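Chemist: So that we are looking at the same thing, I have put the structure below in structure tokens.
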Amino acid sequence: MPPRLLLYTRTADYRHDSIPDAVAAVRASGEFVVEHTEDPEDIEGPLDGFAAVVFLSTSGEVLTPAGRARLERYTRAGGGFAGVHAAACTEYGWPYYGELLGARFTRHPAYQPGQALVADPGHPATRHLPPAWEFTDEWYDFDRVPGGPARVLLRADEGSYDGGGMGADHPLAWCRERGPAGGRMFYTSLGHASDAYRDRDFLAHLNGGLLWVSGAAI
């Protein structure tokens with residue numbers, strides 16, 4: 001049975017036009033059983049039946065207090081969590097979410113071509129990519145480089161585009177295993193535009209990360 005994902009796309013701030021294409025692409029991969037919702041009450045209920053909860057281009061405060069409590073219990077007990085693109089622009093008022101994700105969005109330059117450098121070629125989200133991957137996106141800056149047990153998977157080459165603000169150590173995607181319960185977290189900052197969800201390399205990157213966070217890939 002494919003891993004079951006709860007795909008959450010609620011927005012309370014900027015809303016990406018690419019969300020319908022992103023949801024369709026995850027469904028069309030055939031790798032997952034997908035339940036898609038924008039109803040915060042669906043995060044308040046039991047989550048144990050899902051291999052992972054995925055926040056896909058969420059923005060702003062998208063959870064109720066009960067939903068926050070439920071998601072924290074689920075992830076602390078070993079449930080998988082993935083964030084895509086604007087998931088890093090989400091739940092600024094909830095400290096645990098920042099801890100779970102590992103870093104928060106601060107700014108981005110104009111949408112433009114650039115290069116993502118593979119930092120960890122052994123991960124399912126990156127093993128198919130060339131060492132320097134040409135892509136077009138918003139090249140998010142973050143408030144910090146994820147520390148501790150985080151594995152940075154992709155870094156930005158700030159020399160390949162205009163307006164980078166983090167320097168040589170500029171993470172774009174990362175993952176980590178979370179504590180003795182064995183939960184996994186995966187985040188990619190890429191995926192701004194609908195074109196991404198028709199790009200073979202990006203889809204392999206996204207699906208590889210979701211398979212890993214679901215426990216279906218090593």
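We label chains A, B, ... in the order they appear in the structure tokens, count residues from 1 in each chain, and number ligands from 1 in the order shown.
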Within 8 Å of Leu210 (chain A), counting only C-alpha atoms, which residues qualify if same-chain residues fewer than 4 places away don't, as a list of chain:residue names?
Modeler: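 So, after excluding close chain neighbours, the residues are A:Ala82, A:Phe186, A:Leu206, A:Ser214.
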Chemist: Any chance you could export the current selection's N, CA, C and O atoms as a PDB file, in the first residue's frame?
Modeler:
```
ATOM      1  N   ALA A  82       6.431  17.149   6.270  1.00  0.00           N
ATOM      2  CA  ALA A  82       7.137  17.768   5.152  1.00  0.00           C
ATOM      3  C   ALA A  82       6.574  19.155   4.901  1.00  0.00           C
ATOM      4  O   ALA A  82       5.373  19.394   5.069  1.00  0.00           O
ATOM      5  N   PHE A 186      11.169  16.738   6.263  1.00  0.00           N
ATOM      6  CA  PHE A 186      11.785  17.133   4.994  1.00  0.00           C
ATOM      7  C   PHE A 186      11.208  18.481   4.602  1.00  0.00           C
ATOM      8  O   PHE A 186       9.996  18.711   4.721  1.00  0.00           O
ATOM      9  N   LEU A 206      10.867  16.405  -5.269  1.00  0.00           N
ATOM     10  CA  LEU A 206       9.749  16.460  -4.331  1.00  0.00           C
ATOM     11  C   LEU A 206       9.295  15.064  -3.923  1.00  0.00           C
ATOM     12  O   LEU A 206       9.144  14.771  -2.719  1.00  0.00           O
ATOM     13  N   SER A 214       8.013   9.754   4.512  1.00  0.00           N
ATOM     14  CA  SER A 214       6.967   8.776   4.780  1.00  0.00           C
ATOM     15  C   SER A 214       7.516   7.431   5.238  1.00  0.00           C
ATOM     16  O   SER A 214       6.743   6.525   5.563  1.00  0.00           O
TER      17      SER A 214
END
```
Chemist: Give me the residues near region 13-27 of chain A as a list in words, where near means some atom within 6 Å (using only C-alpha atoms) and where sequence neighbours in that chain fewer than 3 positions away do not count.
Modeler: Ser59, Gly60, Ala193, Ser194 and Tyr197 of chain A
Chemist: Go ahead and write the selection's residues with N, CA and C atoms as a JSON list (two decimals), in the first residue's frame.
Modeler:
```json
[["chain", "number", "residue", "atom", "x", "y", "z"],
["A", 59, "SER", "N", 0.52, 29.49, 4.21],
["A", 59, "SER", "CA", 1.06, 30.80, 4.57],
["A", 59, "SER", "C", 0.26, 31.38, 5.72],
["A", 60, "GLY", "N", 0.95, 32.11, 6.59],
["A", 60, "GLY", "CA", 0.29, 32.74, 7.72],
["A", 60, "GLY", "C", -0.07, 31.74, 8.80],
["A", 193, "ALA", "N", 6.25, 28.22, -8.71],
["A", 193, "ALA", "CA", 5.40, 28.39, -9.89],
["A", 193, "ALA", "C", 4.83, 27.06, -10.37],
["A", 194, "SER", "N", 3.75, 27.15, -11.13],
["A", 194, "SER", "CA", 3.15, 25.94, -11.70],
["A", 194, "SER", "C", 4.12, 25.17, -12.57],
["A", 197, "TYR", "N", 5.86, 22.08, -11.18],
["A", 197, "TYR", "CA", 5.11, 20.83, -11.03],
["A", 197, "TYR", "C", 4.89, 20.11, -12.36]]
```
Chemist: Tell me, which residues of region 7-215 of chain A carry DSSP strand (DSSP E or B), written as a PyMOL selection string?
Modeler: chain A and resi 7-8+11+33-37+52-56+59-60+80-84+90+105-107+112-118+132-137+141-142+151-157+171-178+183-188
Chemist: Go through region 12-110 of chain A and flag each residue having an atom no more than 6 Å from region 134-155 of chain A; for those, report the closest pair of atoms plus their distance in Å to one decimal, using only C-alpha atoms, ordered by chain and rising number, as JSON lines.
Modeler:
```
{"residue": "A:Gly102", "atom": "CA", "partner": "A:Pro146", "partner_atom": "CA", "distance": 5.0}
{"residue": "A:Ala103", "atom": "CA", "partner": "A:Arg144", "partner_atom": "CA", "distance": 5.8}
{"residue": "A:Arg104", "atom": "CA", "partner": "A:Phe142", "partner_atom": "CA", "distance": 5.4}
{"residue": "A:Phe105", "atom": "CA", "partner": "A:Phe142", "partner_atom": "CA", "distance": 4.5}
{"residue": "A:Thr106", "atom": "CA", "partner": "A:Phe142", "partner_atom": "CA", "distance": 5.1}
{"residue": "A:Arg107", "atom": "CA", "partner": "A:Asp141", "partner_atom": "CA", "distance": 5.4}
{"residue": "A:His108", "atom": "CA", "partner": "A:Tyr140", "partner_atom": "CA", "distance": 4.7}
```
Chemist: Do a neighbour search on Pro65 (chain A) at 12 Å with only C-alpha atoms, toss out local chain neighbours closer than 5 positions, and write the hits as a PyMOL selection string.
Modeler: chain A and resi 40-41+43-44+70-72+91+93-94
Chemist: What does the file look like for those residues with N, CA, C and O atoms, as a compact mmCIF listing (two decimals), in the first residue's frame?
Modeler:
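Saved the output as selection-v4.txt:
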```txt
# COMPACT_ATOMS: atom_id res chain seq x y z
N PRO A 40 -8.88 23.54 8.71
CA PRO A 40 -8.05 23.33 9.90
C PRO A 40 -8.60 22.29 10.86
O PRO A 40 -7.85 21.71 11.65
N GLU A 41 -9.89 22.02 10.77
CA GLU A 41 -10.45 20.98 11.64
C GLU A 41 -9.89 19.60 11.31
O GLU A 41 -9.87 18.71 12.17
N ILE A 43 -6.86 18.93 10.84
CA ILE A 43 -5.60 18.77 11.58
C ILE A 43 -5.88 18.54 13.06
O ILE A 43 -5.01 18.09 13.80
N GLU A 44 -7.08 18.84 13.49
CA GLU A 44 -7.43 18.64 14.91
C GLU A 44 -7.74 17.19 15.23
O GLU A 44 -7.66 16.77 16.38
N ARG A 70 -2.41 18.93 18.24
CA ARG A 70 -2.48 17.63 17.59
C ARG A 70 -1.24 17.38 16.73
O ARG A 70 -0.65 16.29 16.76
N LEU A 71 -0.83 18.38 15.95
CA LEU A 71 0.33 18.21 15.09
C LEU A 71 1.60 18.00 15.92
O LEU A 71 2.45 17.17 15.58
N GLU A 72 1.72 18.72 17.02
CA GLU A 72 2.89 18.53 17.88
C GLU A 72 2.92 17.12 18.46
O GLU A 72 3.97 16.47 18.46
N GLU A 91 2.88 29.97 10.38
CA GLU A 91 2.86 29.78 11.83
C GLU A 91 4.05 30.45 12.54
O GLU A 91 4.71 29.87 13.39
N GLY A 93 3.82 32.58 14.75
CA GLY A 93 3.48 32.76 16.15
C GLY A 93 3.57 31.50 16.99
O GLY A 93 3.23 31.54 18.19
N TRP A 94 3.99 30.40 16.41
CA TRP A 94 4.06 29.13 17.14
C TRP A 94 5.51 28.66 17.17
O TRP A 94 6.03 28.17 16.19
```
Chemist: Per DSSP on the backbone, what are the helix (DSSP H, G or I) residues of region 63-205 of chain A, as a ChimeraX atom specification?
Modeler: /A:65-76,85-89,95-101,158-160,194-198,200-205
Chemist: Would you kindly return, as JSON, numbers by chain, each protein, DNA or RNA residue with an atom no farther than 7 Å from any atom of Val53 (chain A), considering only C-alpha atoms and excluding same-chain residues fewer than 3 positions away?
Modeler: {"A": [5, 6, 7, 50, 80, 81, 82]}
Chemist: Using only C-alpha atoms, can you tell me which of A:Tyr111, A:Glu38, A:Pro2, A:Ala69 comes closest to Asp162 (chain A)?
Modeler: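 Nearest candidate to Asp162 (chain A) out of A:Tyr111, A:Glu38, A:Pro2, A:Ala69: A:Tyr111.
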